[in-house]
>>> print(open('data_12.cif').read())   # mmCIF, C-alpha atoms
data_input
#
loop_
_atom_site.label_atom_id
_atom_site.label_comp_id
_atom_site.auth_asym_id
_atom_site.auth_seq_id
_atom_site.Cartn_x
_atom_site.Cartn_y
_atom_site.Cartn_z
CA MET V 615 34.28 -1.04 14.31
CA ALA V 616 34.56 2.07 12.19
CA CYS V 617 32.17 3.94 9.96
CA ARG V 618 32.88 6.62 7.41
CA ARG V 619 30.53 9.06 5.72
CA GLY V 620 32.18 10.51 2.63
CA ASN V 621 35.75 11.36 3.63
CA GLU V 622 34.91 11.86 7.29
CA TRP V 623 35.12 9.11 9.88
CA LEU V 624 31.98 9.16 11.98
CA PHE V 625 33.66 6.89 14.48
CA SER V 626 36.57 4.51 14.60
CA ASN V 627 37.79 1.95 17.11
CA LEU V 628 34.32 1.85 18.59
CA SER V 629 33.58 -1.22 20.65
CA LEU V 630 30.17 -1.83 22.11
CA ASP V 631 28.52 -4.74 23.90
CA VAL V 632 24.79 -5.07 24.40
CA PHE V 633 23.87 -7.56 27.09
CA SER V 634 20.63 -9.22 28.01
CA GLY V 635 18.43 -7.03 30.18
CA GLN V 636 20.34 -3.87 29.33
CA ILE V 637 18.87 -0.55 28.19
CA ILE V 638 21.50 1.54 26.41
CA TRP V 639 20.93 5.20 25.63
CA LEU V 640 23.11 6.26 22.75
CA LYS V 641 23.64 9.98 22.99
CA GLY V 642 25.47 12.54 20.88
CA HIS V 643 25.17 15.73 18.89
CA ASN V 644 23.70 15.76 15.41
CA GLY V 645 25.89 14.11 12.82
CA ARG V 646 27.94 12.08 15.31
CA GLY V 647 26.75 8.83 13.76
CA LYS V 648 24.05 7.59 16.13
CA THR V 649 21.66 6.54 13.39
CA SER V 650 24.54 5.12 11.35
CA LEU V 651 25.59 3.02 14.33
CA LEU V 652 22.06 1.70 14.78
CA ARG V 653 21.86 0.80 11.10
CA LEU V 654 25.18 -1.02 11.33
CA ILE V 655 23.96 -3.00 14.31
CA THR V 656 20.79 -4.04 12.52
CA GLY V 657 22.74 -5.11 9.45
CA LEU V 658 21.15 -2.51 7.17
CA ALA V 659 24.62 -1.08 6.58
CA THR V 660 28.10 -2.59 6.70
CA PRO V 661 30.93 -1.13 8.81
CA ASP V 662 34.02 0.13 6.98
CA LYS V 663 36.16 -1.71 9.51
CA GLY V 664 35.44 -4.29 12.13
CA THR V 665 32.69 -6.79 12.68
CA ILE V 666 29.40 -7.03 14.51
CA ASN V 667 28.63 -10.25 16.31
CA TRP V 668 25.32 -11.68 17.38
CA GLY V 669 26.31 -13.96 20.22
CA GLN V 670 29.48 -15.68 19.02
CA ALA V 671 28.71 -15.55 15.30
CA SER V 672 29.24 -12.69 12.91
CA LEU V 673 26.08 -10.84 11.98
CA ARG V 674 26.79 -11.53 8.32
CA SER V 675 26.79 -15.27 8.82
CA ASP V 676 23.93 -15.52 11.30
CA PHE V 677 20.77 -15.19 9.30
CA ASN V 678 18.51 -15.90 12.26
CA PHE V 679 19.33 -12.78 14.20
CA ARG V 680 16.59 -10.83 12.44
CA GLU V 681 13.99 -12.99 14.13
CA HIS V 682 15.27 -11.60 17.42
CA LEU V 683 15.49 -7.99 16.32
CA VAL V 684 13.01 -5.13 16.33
CA TYR V 685 14.13 -1.97 14.56
CA ILE V 686 12.05 1.17 14.53
CA GLY V 687 13.84 3.92 12.66
CA HIS V 688 13.10 7.57 12.00
CA ALA V 689 10.52 6.51 9.42
CA ASN V 690 7.59 4.67 10.92
CA GLY V 691 7.15 2.06 8.19
CA LEU V 692 3.44 2.84 7.87
CA LYS V 693 1.42 3.24 4.69
CA ASP V 694 -0.80 6.31 4.38
CA ASP V 695 -3.52 4.36 2.55
CA LEU V 696 -3.81 1.53 5.04
CA THR V 697 -5.74 1.75 8.27
CA VAL V 698 -3.94 1.72 11.57
CA SER V 699 -4.79 -1.91 12.31
CA GLU V 700 -3.97 -3.01 8.74
CA SER V 701 -0.57 -1.33 8.98
CA LEU V 702 0.28 -2.94 12.28
CA GLN V 703 -1.06 -6.30 11.14
CA PHE V 704 1.13 -6.16 8.03
CA LEU V 705 4.26 -5.36 10.04
CA ALA V 706 3.48 -8.14 12.52
CA ARG V 707 2.89 -10.62 9.71
CA LEU V 708 6.03 -9.53 7.87
CA HIS V 709 8.09 -10.12 10.99
CA ASP V 710 6.33 -13.41 11.82
CA ARG V 711 4.82 -12.08 15.01
CA ASP V 712 1.28 -12.70 16.24
CA CYS V 713 -0.86 -10.78 13.74
CA SER V 714 -4.27 -11.92 14.92
CA PRO V 715 -6.89 -9.15 15.21
CA LEU V 716 -6.91 -9.70 18.97
CA ALA V 717 -3.15 -9.24 19.30
CA VAL V 718 -3.17 -6.17 17.07
CA ALA V 719 -6.09 -4.64 19.00
CA GLY V 720 -4.27 -5.34 22.27
CA ALA V 721 -1.09 -3.68 21.03
CA LEU V 722 -3.02 -0.61 19.88
CA LYS V 723 -4.81 -0.46 23.20
CA CYS V 724 -1.48 -0.55 24.99
CA LEU V 725 -0.46 2.60 23.11
CA ASN V 726 -3.93 4.16 23.57
CA MET V 727 -4.60 4.02 19.84
CA GLN V 728 -7.49 1.56 19.82
CA HIS V 729 -9.98 4.35 19.05
CA ARG V 730 -8.17 5.04 15.74
CA ALA V 731 -7.80 1.38 14.72
CA HIS V 732 -9.90 1.82 11.58
CA ALA V 733 -8.64 5.27 10.64
CA LEU V 734 -6.35 5.68 7.65
CA VAL V 735 -2.77 6.39 8.64
CA ARG V 736 -2.85 9.57 6.54
CA THR V 737 -5.37 11.05 8.97
CA LEU V 738 -3.10 10.63 12.01
CA SER V 739 -0.89 13.24 13.64
CA GLN V 740 2.87 12.66 13.82
CA GLY V 741 2.60 11.62 17.45
CA GLN V 742 -0.17 9.15 16.67
CA ARG V 743 1.84 7.66 13.81
CA ARG V 744 4.75 7.19 16.17
CA ARG V 745 2.47 5.45 18.64
CA VAL V 746 1.25 3.05 15.95
CA ALA V 747 4.85 2.27 14.93
CA LEU V 748 5.80 1.71 18.57
CA ALA V 749 2.75 -0.52 19.09
CA ARG V 750 4.89 -3.21 17.48
CA LEU V 751 6.80 -3.35 20.75
CA ALA V 752 3.64 -4.41 22.55
CA LEU V 753 3.43 -7.45 20.26
CA GLU V 754 6.81 -8.70 21.43
CA SER V 755 7.03 -11.39 24.06
CA GLU V 756 10.55 -12.74 23.43
CA PRO V 757 13.71 -11.29 25.01
CA SER V 758 14.89 -9.82 21.70
CA LEU V 759 17.02 -6.81 20.83
CA TRP V 760 15.11 -3.58 20.28
CA VAL V 761 16.93 -0.95 18.25
CA LEU V 762 14.99 2.29 18.42
CA ASP V 763 15.96 5.52 16.68
CA GLU V 764 14.46 8.49 18.52
CA PRO V 765 11.43 6.53 19.75
CA PHE V 766 10.16 9.46 21.82
CA ASP V 767 9.98 11.84 18.86
CA ALA V 768 6.56 13.56 18.69
CA LEU V 769 5.22 11.61 21.67
CA ASP V 770 3.35 13.36 24.46
CA VAL V 771 3.94 12.71 28.15
CA ASP V 772 1.46 9.80 28.23
CA GLY V 773 3.05 8.22 25.19
CA ILE V 774 6.55 8.51 26.68
CA SER V 775 5.29 6.93 29.89
CA VAL V 776 3.79 3.96 28.00
CA VAL V 777 6.98 3.41 25.99
CA ASN V 778 9.08 3.62 29.16
CA ARG V 779 6.94 0.91 30.71
CA LEU V 780 7.37 -1.29 27.61
CA LEU V 781 11.15 -0.79 27.72
CA LEU V 782 11.35 -1.73 31.41
CA ASP V 783 9.12 -4.78 30.97
CA HIS V 784 11.26 -5.89 28.03
CA ALA V 785 14.49 -5.50 30.00
CA ALA V 786 12.91 -7.35 32.93
CA ARG V 787 12.24 -10.40 30.75
CA GLY V 788 15.84 -10.40 29.55
CA GLY V 789 15.49 -8.33 26.41
CA SER V 790 17.93 -5.61 25.36
CA VAL V 791 17.27 -2.09 24.18
CA LEU V 792 19.56 0.22 22.25
CA LEU V 793 18.01 3.60 21.64
CA THR V 794 18.88 7.14 20.68
CA SER V 795 17.10 10.14 22.08
CA HIS V 796 17.74 13.85 22.13
CA LEU V 797 15.24 14.13 24.96
CA ALA V 798 16.48 13.30 28.44
CA LEU V 799 15.16 9.87 29.38
CA SER V 800 12.63 9.79 32.17
CA LEU V 801 13.65 6.25 33.11
CA ASP V 802 15.39 5.46 36.40
CA PRO V 803 19.07 6.34 35.66
CA ALA V 804 20.15 3.17 37.46
CA ARG V 805 18.39 1.12 34.75
CA VAL V 806 20.01 2.90 31.80
CA SER V 807 23.56 2.65 30.49
CA LEU V 808 24.67 5.80 28.73
CA ILE V 809 27.03 5.82 25.76
CA GLU V 810 27.91 9.19 24.31
CA LEU V 811 29.35 9.45 20.83
CA HIS V 812 31.75 12.35 20.76
CA HIS V 813 34.05 13.19 17.85
CA GLY V 814 34.28 9.64 16.67
CA LYS V 815 34.75 8.06 20.07
CA SER V 816 32.44 6.66 22.69
CA ILE V 817 32.62 7.99 26.25
CA MET Y 136 7.70 -18.95 6.44
CA LYS Y 137 9.10 -17.95 3.06
CA PHE Y 138 5.67 -17.58 1.51
CA ASN Y 139 4.19 -15.84 4.53
CA GLY Y 140 6.23 -12.74 3.66
CA PHE Y 141 5.43 -13.14 -0.03
CA LEU Y 142 1.70 -13.36 0.63
CA ALA Y 143 1.70 -10.56 3.22
CA LEU Y 144 3.47 -8.17 0.86
CA ALA Y 145 1.41 -9.13 -2.18
CA ALA Y 146 -1.83 -8.74 -0.21
CA ARG Y 147 -0.73 -5.36 1.13
CA ASP Y 148 0.24 -4.03 -2.31
CA LEU Y 149 -3.03 -5.22 -3.83
CA ARG Y 150 -4.94 -3.54 -1.01
CA LEU Y 151 -3.00 -0.32 -1.52
CA ALA Y 152 -3.75 -0.42 -5.25
CA TRP Y 153 -7.42 -0.96 -4.50
CA ARG Y 154 -7.36 2.21 -2.39
CA ARG Y 155 -5.61 4.13 -5.20
CA PRO Y 156 -7.51 3.04 -8.33
CA VAL Y 157 -5.87 5.71 -10.47
CA ASP Y 158 -2.64 3.71 -10.22
CA ILE Y 159 -4.40 0.77 -11.88
CA TRP Y 160 -6.21 2.75 -14.55
CA LEU Y 161 -3.42 5.07 -15.60
CA PRO Y 162 -1.20 2.53 -17.43
CA VAL Y 163 -4.04 0.82 -19.28
CA VAL Y 164 -5.67 4.13 -20.24
CA PHE Y 165 -2.30 5.40 -21.45
CA PHE Y 166 -1.87 2.15 -23.40
CA GLY Y 167 -5.24 2.58 -25.12
CA VAL Y 168 -4.91 6.29 -25.81
CA ALA Y 169 -1.33 6.13 -27.10
CA ALA Y 170 -2.05 3.19 -29.42
CA SER Y 171 -5.26 4.85 -30.65
CA LEU Y 172 -3.35 7.94 -31.75
CA PHE Y 173 -1.34 6.07 -34.38
CA PRO Y 174 -4.19 5.58 -36.87
CA PHE Y 175 -4.72 9.35 -36.78
CA GLY Y 176 -1.05 9.94 -37.49
CA VAL Y 177 -0.32 7.32 -40.14
CA GLY Y 178 -3.74 7.26 -41.79
CA PRO Y 179 -6.64 4.81 -41.70
CA GLU Y 180 -5.52 2.41 -44.47
CA PRO Y 181 -6.14 -1.15 -43.11
CA GLN Y 182 -3.03 -2.54 -44.78
CA THR Y 183 -0.77 0.05 -43.11
CA LEU Y 184 -2.47 -0.46 -39.74
CA ARG Y 185 -2.06 -4.23 -39.99
CA GLN Y 186 1.64 -3.81 -40.75
CA ILE Y 187 2.42 -1.48 -37.87
CA GLY Y 188 -0.20 -2.78 -35.39
CA ALA Y 189 1.86 -5.30 -33.45
CA GLY Y 190 4.85 -2.96 -33.16
CA VAL Y 191 2.69 -0.09 -32.00
CA VAL Y 192 0.91 -2.22 -29.43
CA TRP Y 193 4.20 -3.55 -28.09
CA VAL Y 194 5.87 -0.12 -27.88
CA CYS Y 195 2.81 1.26 -26.07
CA ALA Y 196 2.80 -1.75 -23.72
CA LEU Y 197 6.45 -1.15 -22.92
CA LEU Y 198 5.92 2.55 -22.20
CA SER Y 199 2.77 1.84 -20.13
CA THR Y 200 4.67 -0.64 -18.01
CA MET Y 201 7.42 1.88 -17.40
CA LEU Y 202 4.87 4.46 -16.21
CA ALA Y 203 4.32 2.67 -12.94
CA ILE Y 204 7.66 0.97 -12.48
CA ALA Y 205 9.56 4.05 -11.25
CA THR Y 206 7.42 4.16 -8.12
CA LEU Y 207 7.65 0.42 -7.42
CA TYR Y 208 9.92 0.83 -4.40
CA ALA Y 209 9.87 4.62 -3.97
CA SER Y 210 7.14 4.86 -1.33
CA ASP Y 211 8.45 1.82 0.57
CA TYR Y 212 11.85 3.50 0.61
CA SER Y 213 10.59 6.87 1.83
CA ASP Y 214 8.20 5.62 4.52
CA GLY Y 215 10.57 3.06 6.02
CA SER Y 216 8.69 -0.05 4.84
CA LEU Y 217 11.67 -1.17 2.77
CA GLU Y 218 13.92 -1.22 5.85
CA GLN Y 219 11.33 -3.36 7.60
CA MET Y 220 11.25 -5.75 4.64
CA LEU Y 221 15.03 -6.05 4.63
CA LEU Y 222 15.02 -6.78 8.37
CA SER Y 223 12.04 -9.09 8.31
CA GLY Y 224 14.00 -12.32 8.13
CA HIS Y 225 12.29 -13.20 4.86
CA SER Y 226 14.40 -13.57 1.76
CA MET Y 227 14.50 -10.25 -0.06
CA VAL Y 228 14.52 -12.26 -3.30
CA VAL Y 229 11.08 -13.62 -2.43
CA LEU Y 230 9.82 -10.17 -1.44
CA ALA Y 231 11.19 -8.63 -4.66
CA ALA Y 232 9.37 -11.37 -6.60
CA ALA Y 233 6.14 -10.47 -4.77
CA LYS Y 234 6.55 -6.80 -5.71
CA ALA Y 235 7.16 -7.69 -9.37
CA LEU Y 236 4.19 -10.07 -9.43
CA VAL Y 237 1.81 -7.44 -8.06
CA HIS Y 238 3.19 -4.89 -10.50
CA TRP Y 239 2.45 -7.28 -13.36
CA MET Y 240 -1.04 -8.07 -12.03
CA LEU Y 241 -1.86 -4.36 -11.84
CA THR Y 242 -0.10 -3.17 -14.98
CA GLY Y 243 0.73 -6.08 -17.28
CA LEU Y 244 -2.43 -8.15 -16.93
CA PRO Y 245 -4.76 -5.25 -17.88
CA LEU Y 246 -2.59 -4.74 -20.98
CA VAL Y 247 -2.97 -8.41 -21.88
CA LEU Y 248 -6.74 -8.05 -21.54
CA ALA Y 249 -6.81 -4.80 -23.54
CA GLY Y 250 -4.52 -6.21 -26.26
CA PRO Y 251 -7.28 -7.91 -28.30
CA LEU Y 252 -9.26 -4.67 -28.46
CA LEU Y 253 -6.27 -2.86 -29.88
CA GLY Y 254 -5.76 -5.77 -32.26
CA LEU Y 255 -9.25 -5.09 -33.62
CA LEU Y 256 -8.44 -1.39 -33.87
CA PHE Y 257 -5.45 -2.25 -36.06
CA ASP Y 258 -7.52 -4.63 -38.19
CA MET Y 259 -5.54 -7.74 -37.19
CA SER Y 260 -6.76 -11.21 -38.13
CA SER Y 261 -8.16 -13.44 -35.41
CA ASN Y 262 -4.93 -15.47 -35.47
CA GLY Y 263 -2.93 -12.26 -35.20
CA ILE Y 264 -4.99 -11.12 -32.22
CA ALA Y 265 -4.57 -14.46 -30.48
CA THR Y 266 -0.82 -14.40 -31.09
CA LEU Y 267 -0.61 -10.80 -29.89
CA THR Y 268 -2.37 -11.83 -26.68
CA TYR Y 269 0.03 -14.75 -26.15
CA THR Y 270 3.03 -12.51 -26.70
CA LEU Y 271 1.68 -9.96 -24.21
CA LEU Y 272 1.03 -12.74 -21.71
CA LEU Y 273 4.61 -13.95 -22.01
CA GLY Y 274 6.30 -10.61 -22.52
CA THR Y 275 4.69 -8.22 -20.02
CA PRO Y 276 5.95 -10.20 -16.98
CA VAL Y 277 9.46 -9.83 -18.40
CA LEU Y 278 8.94 -6.06 -18.56
CA SER Y 279 7.78 -5.99 -14.93
CA LEU Y 280 10.71 -8.12 -13.79
CA MET Y 281 13.31 -6.13 -15.72
CA GLY Y 282 11.68 -2.91 -14.59
CA SER Y 283 11.84 -4.00 -10.96
CA VAL Y 284 15.61 -4.40 -11.26
CA GLY Y 285 15.89 -0.91 -12.75
CA ALA Y 286 13.63 0.54 -10.06
CA ALA Y 287 15.78 -1.04 -7.34
CA LEU Y 288 19.02 0.16 -8.95
CA THR Y 289 17.85 3.76 -9.25
CA LEU Y 290 16.15 3.96 -5.86
CA GLY Y 291 16.90 7.21 -4.08
CA LEU Y 292 18.89 8.68 -6.97
CA ARG Y 293 18.26 12.11 -8.36
CA SER Y 294 16.72 11.86 -11.84
CA GLY Y 295 16.18 8.20 -11.07
CA GLY Y 296 13.12 8.04 -13.34
CA ALA Y 297 15.08 9.06 -16.45
CA LEU Y 298 17.98 6.81 -15.52
CA LEU Y 299 15.57 3.93 -15.01
CA LEU Y 300 14.28 4.31 -18.57
CA LEU Y 301 17.83 4.47 -19.94
CA ILE Y 302 18.71 1.24 -18.12
CA VAL Y 303 15.54 -0.76 -18.70
CA LEU Y 304 14.39 0.20 -22.20
CA PRO Y 305 17.46 -1.21 -24.02
CA LEU Y 306 17.16 -4.44 -22.02
CA CYS Y 307 13.57 -4.81 -23.15
CA ILE Y 308 14.35 -4.57 -26.87
CA PRO Y 309 14.47 -8.39 -27.35
CA VAL Y 310 10.96 -8.67 -25.88
CA LEU Y 311 9.80 -5.96 -28.26
CA ILE Y 312 11.41 -7.64 -31.26
CA PHE Y 313 10.07 -11.13 -30.61
CA GLY Y 314 6.68 -9.90 -29.37
CA ALA Y 315 5.99 -7.88 -32.49
CA GLY Y 316 7.79 -10.43 -34.67
CA ALA Y 317 5.43 -13.24 -33.64
CA VAL Y 318 2.42 -11.31 -34.94
CA SER Y 319 4.24 -10.33 -38.12
CA ALA Y 320 5.08 -14.00 -38.69
CA ILE Y 321 1.36 -14.79 -38.74
CA ASP Y 322 0.86 -12.17 -41.47
CA VAL Y 323 3.38 -13.89 -43.74
CA ALA Y 324 2.03 -17.37 -42.90
CA ILE Y 325 5.01 -18.44 -40.78
CA SER Y 326 4.55 -20.23 -37.47
CA PRO Y 327 5.09 -17.88 -34.51
CA ALA Y 328 6.19 -20.81 -32.34
CA GLY Y 329 9.87 -19.82 -32.51
CA HIS Y 330 9.14 -16.27 -31.39
CA LEU Y 331 6.88 -17.50 -28.59
CA SER Y 332 9.53 -19.98 -27.46
CA ILE Y 333 12.13 -17.25 -27.24
CA LEU Y 334 9.69 -15.05 -25.31
CA GLY Y 335 9.10 -17.99 -22.96
CA ALA Y 336 12.85 -18.41 -22.54
CA LEU Y 337 13.23 -14.70 -21.80
CA LEU Y 338 10.48 -15.01 -19.19
CA LEU Y 339 12.24 -17.93 -17.51
CA LEU Y 340 15.52 -16.05 -17.56
CA ALA Y 341 13.89 -12.98 -16.04
CA LEU Y 342 12.10 -15.08 -13.40
CA VAL Y 343 15.37 -16.63 -12.32
CA GLY Y 344 17.61 -13.57 -12.62
CA ALA Y 345 15.56 -10.48 -11.88
CA PRO Y 346 14.42 -11.03 -8.25
CA PRO Y 347 17.95 -11.77 -6.95
CA ALA Y 348 19.32 -8.79 -8.90
CA ALA Y 349 16.57 -6.52 -7.53
CA ALA Y 350 17.19 -7.80 -3.98
CA ALA Y 351 20.93 -7.11 -4.24
CA ALA Y 352 20.26 -3.64 -5.64
CA LEU Y 353 17.82 -2.86 -2.83
CA ARG Y 354 20.36 -3.84 -0.17
CA ILE Y 355 22.87 -1.48 -1.78
CA SER Y 356 20.33 1.33 -2.14
CA VAL Y 357 19.28 1.16 1.51
CA ALA Y 358 22.81 0.79 2.96
#
>>> encode(input="data_12.cif", output="structure tokens")
Amino acid sequence: MACRRGNEWLFSNLSLDVFSGQIIWLKGHNGRGKTSLLRLITGLATPDKGTINWGQASLRSDFNFREHLVYIGHANGLKDDLTVSESLQFLARLHDRDCSPLAVAGALKCLNMQHRAHALVRTLSQGQRRRVALARLALESEPSLWVLDEPFDALDVDGISVVNRLLLDHAARGGSVLLTSHLALSLDPARVSLIELHHGKSI
Amino acid sequence: MKFNGFLALAARDLRLAWRRPVDIWLPVVFFGVAASLFPFGVGPEPQTLRQIGAGVVWVCALLSTMLAIATLYASDYSDGSLEQMLLSGHSMVVLAAAKALVHWMLTGLPLVLAGPLLGLLFDMSSNGIATLTYTLLLGTPVLSLMGSVGAALTLGLRSGGALLLLIVLPLCIPVLIFGAGAVSAIDVAISPAGHLSILGALLLLALVGAPPAAAAALRISVA
């Protein structure tokens, strides 16, 4: 596939497969099109050339793929005037995941955010907001595709460790992860496939 | 499943509005204050007030509705909620309908309730006040629905607020004409049924056309 921003091609002739159980680290300098690629894969944007398939079917014709997709972008998707648990509950309900108070409390506990469950999102630090957004991952039990744009942004060492564990557990149950990160991943290199976007090509 | 997303979004937006009461009060206070200024400007003669009353109320209702419409999708767009809605697997048409419904409940419904008070202020007859209320009940949802399309089209644009008004206000002129016309018909002893029927038809048209148009515009704005 190919993607253009203005008159400049971000990438062209890019071919990428994401298999079950795979963790792919998409790497590249600023402006190389990492976020654009993630948005194309989720269906938020359309490629200028080429197609994206979910299984055998084109993404555009398979309307069920979103049930098997978790996308956490740069923006956390949280509302300042909702509490932490309300925000997570809304996202879970919107995506037809288990939104029971027990499930939400468990997900927050997984990310060590249970003590702020009733705090308004506006009172959280950036790292805490990121943890709440990533707590969605702890609600997942199906081997779905996780598309994560800079998930480790603003996280401390403990937070990174928790997210790493979630990623490995997800891959172990047959799920796939496609993520970008400017930070070096602290996961076992043998478990991670690296794709580097460089001047419009993947290496 | 379809209505799970609808209910979740509507409940969230109502909760958010409850936490930000100024968003609820601002349009209805603006509606009351703006309409109340006209008697000071045109003079207190009851005959004059009766003649201009319905038009003034409708223009103020239109402007009040537009006050809150520009921000309908803005915060969802900036905090990433809109992306999550688009990827939720729920029909964006249904979610756009939920946003428009909550906007009407928070902006249009208070105007419907305040309408009779303004009718008294403009010395309308009891029939005129009742007709004004009916027209507001039928017409304000059209304003919310049309406004939601404009808000989706101008999402993320510079000077989007001004552009929104330029797009939506002309489209709302028929509502203004038939809303005010129904009350004027009462004054000249003509049945307002025709005006109300046309307002009802406009509402049906907006109900069918606006959510899909808003959904399509949102997909383009986010891409």
>>> resolve_selection(input="data_12.cif", expression="the PyMOL selection byres ((chain Y) within 9 of (chain V))", output="PyMOL selection string")
chain Y and resi 136+139-141+143-144+147+150-151+154-155+210-211+213-225+354-355+357-358
>>> write_last_selection(input="data_12.cif", atoms="C-alpha atoms", output="CSV table (one decimal), in the coordinates of the input")
chain,number,residue,atom,x,y,z
Y,136,MET,CA,7.7,-19.0,6.4
Y,139,ASN,CA,4.2,-15.8,4.5
Y,140,GLY,CA,6.2,-12.7,3.7
Y,141,PHE,CA,5.4,-13.1,0.0
Y,143,ALA,CA,1.7,-10.6,3.2
Y,144,LEU,CA,3.5,-8.2,0.9
Y,147,ARG,CA,-0.7,-5.4,1.1
Y,150,ARG,CA,-4.9,-3.5,-1.0
Y,151,LEU,CA,-3.0,-0.3,-1.5
Y,154,ARG,CA,-7.4,2.2,-2.4
Y,155,ARG,CA,-5.6,4.1,-5.2
Y,210,SER,CA,7.1,4.9,-1.3
Y,211,ASP,CA,8.4,1.8,0.6
Y,213,SER,CA,10.6,6.9,1.8
Y,214,ASP,CA,8.2,5.6,4.5
Y,215,GLY,CA,10.6,3.1,6.0
Y,216,SER,CA,8.7,0.0,4.8
Y,217,LEU,CA,11.7,-1.2,2.8
Y,218,GLU,CA,13.9,-1.2,5.8
Y,219,GLN,CA,11.3,-3.4,7.6
Y,220,MET,CA,11.2,-5.8,4.6
Y,221,LEU,CA,15.0,-6.0,4.6
Y,222,LEU,CA,15.0,-6.8,8.4
Y,223,SER,CA,12.0,-9.1,8.3
Y,224,GLY,CA,14.0,-12.3,8.1
Y,225,HIS,CA,12.3,-13.2,4.9
Y,354,ARG,CA,20.4,-3.8,-0.2
Y,355,ILE,CA,22.9,-1.5,-1.8
Y,357,VAL,CA,19.3,1.2,1.5
Y,358,ALA,CA,22.8,0.8,3.0
>>> resolve_selection(input="data_12.cif", expression="the PyMOL selection byres ((chain Y and resi 184) around 10)", output="VMD selection string")
chain Y and resid 173 to 174 177 to 183 185 to 189 191 254 256 to 259
>>> resolve_selection(input="data_12.cif", expression="the PyMOL selection byres ((chain V and resi 770-774) around 10)", output="mmCIF file with C-alpha atoms, keeping the file's coordinate frame")
data_model
loop_
_atom_site.group_PDB
_atom_site.id
_atom_site.type_symbol
_atom_site.label_atom_id
_atom_site.label_comp_id
_atom_site.auth_asym_id
_atom_site.auth_seq_id
_atom_site.Cartn_x
_atom_site.Cartn_y
_atom_site.Cartn_z
ATOM 1 C CA CYS V 724 -1.480 -0.550 24.990
ATOM 2 C CA LEU V 725 -0.460 2.600 23.110
ATOM 3 C CA ASN V 726 -3.930 4.160 23.570
ATOM 4 C CA GLY V 741 2.600 11.620 17.450
ATOM 5 C CA GLN V 742 -0.170 9.150 16.670
ATOM 6 C CA ARG V 744 4.750 7.190 16.170
ATOM 7 C CA ARG V 745 2.470 5.450 18.640
ATOM 8 C CA LEU V 748 5.800 1.710 18.570
ATOM 9 C CA PRO V 765 11.430 6.530 19.750
ATOM 10 C CA PHE V 766 10.160 9.460 21.820
ATOM 11 C CA ASP V 767 9.980 11.840 18.860
ATOM 12 C CA ALA V 768 6.560 13.560 18.690
ATOM 13 C CA LEU V 769 5.220 11.610 21.670
ATOM 14 C CA SER V 775 5.290 6.930 29.890
ATOM 15 C CA VAL V 776 3.790 3.960 28.000
ATOM 16 C CA VAL V 777 6.980 3.410 25.990
ATOM 17 C CA ASN V 778 9.080 3.620 29.160
ATOM 18 C CA ARG V 779 6.940 0.910 30.710
ATOM 19 C CA LEU V 780 7.370 -1.290 27.610
ATOM 20 C CA LEU V 799 15.160 9.870 29.380
ATOM 21 C CA SER V 800 12.630 9.790 32.170
ATOM 22 C CA LEU V 801 13.650 6.250 33.110
#
>>> axis_aligned_box(input="data_12.cif", around="region 665-675 of chain V", padding_each_side="3 Å", output="JSON")
{"center_x": 29.0, "center_y": -11.2, "center_z": 14.3, "size_x": 13.4, "size_y": 14.9, "size_z": 17.9}
>>> atom_distance(input="data_12.cif", atom1="CA of Ile204 (chain Y)", atom2="CA of Ala145 (chain Y)")
15.7 Å
>>> residues_around(input="data_12.cif", residues="Thr268 (chain Y)", least_positions_apart="5", cutoff="10 Å", atoms="all atoms listed in the file", output="count of residues only")
13
>>> atom_distance(input="data_12.cif", atom1="CA of Val237 (chain Y)", atom2="CA of Val157 (chain Y)")
15.4 Å
>>> residues_around(input="data_12.cif", residues="Pro327 (chain Y)", least_positions_apart="2", cutoff="10 Å", atoms="all atoms listed in the file", output="list in words")
Gly263, Thr266, Thr270, Phe313, Gly314, Gly316, Ala317, Val318, Ser319, Ala320, Ile321, Asp322, Ala324, Ile325, Gly329, His330, Leu331 and Ser332 of chain Y
>>> residues_near_point(input="data_12.cif", point="(10.3, -14.2, -11.3)", cutoff="6 Å", atoms="only C-alpha atoms", output="JSON, numbers by chain")
{"Y": [232, 342, 343]}
>>> decode(input="data_12.cif", residues="region 287-298 of chain Y", atoms="C-alpha atoms", output="tab-separated table (two decimals), in the first residue's frame")
chain	number	residue	atom	x	y	z
Y	287	ALA	CA	-19.27	17.43	11.68
Y	288	LEU	CA	-18.42	19.14	8.38
Y	289	THR	CA	-16.39	21.90	10.02
Y	290	LEU	CA	-14.64	19.70	12.58
Y	291	GLY	CA	-10.98	20.53	12.91
Y	292	LEU	CA	-11.13	23.47	10.49
Y	293	ARG	CA	-9.73	26.86	11.29
Y	294	SER	CA	-12.57	29.37	11.77
Y	295	GLY	CA	-14.87	26.38	11.87
Y	296	GLY	CA	-17.35	28.19	14.12
Y	297	ALA	CA	-17.96	30.99	11.60
Y	298	LEU	CA	-18.10	28.53	8.72
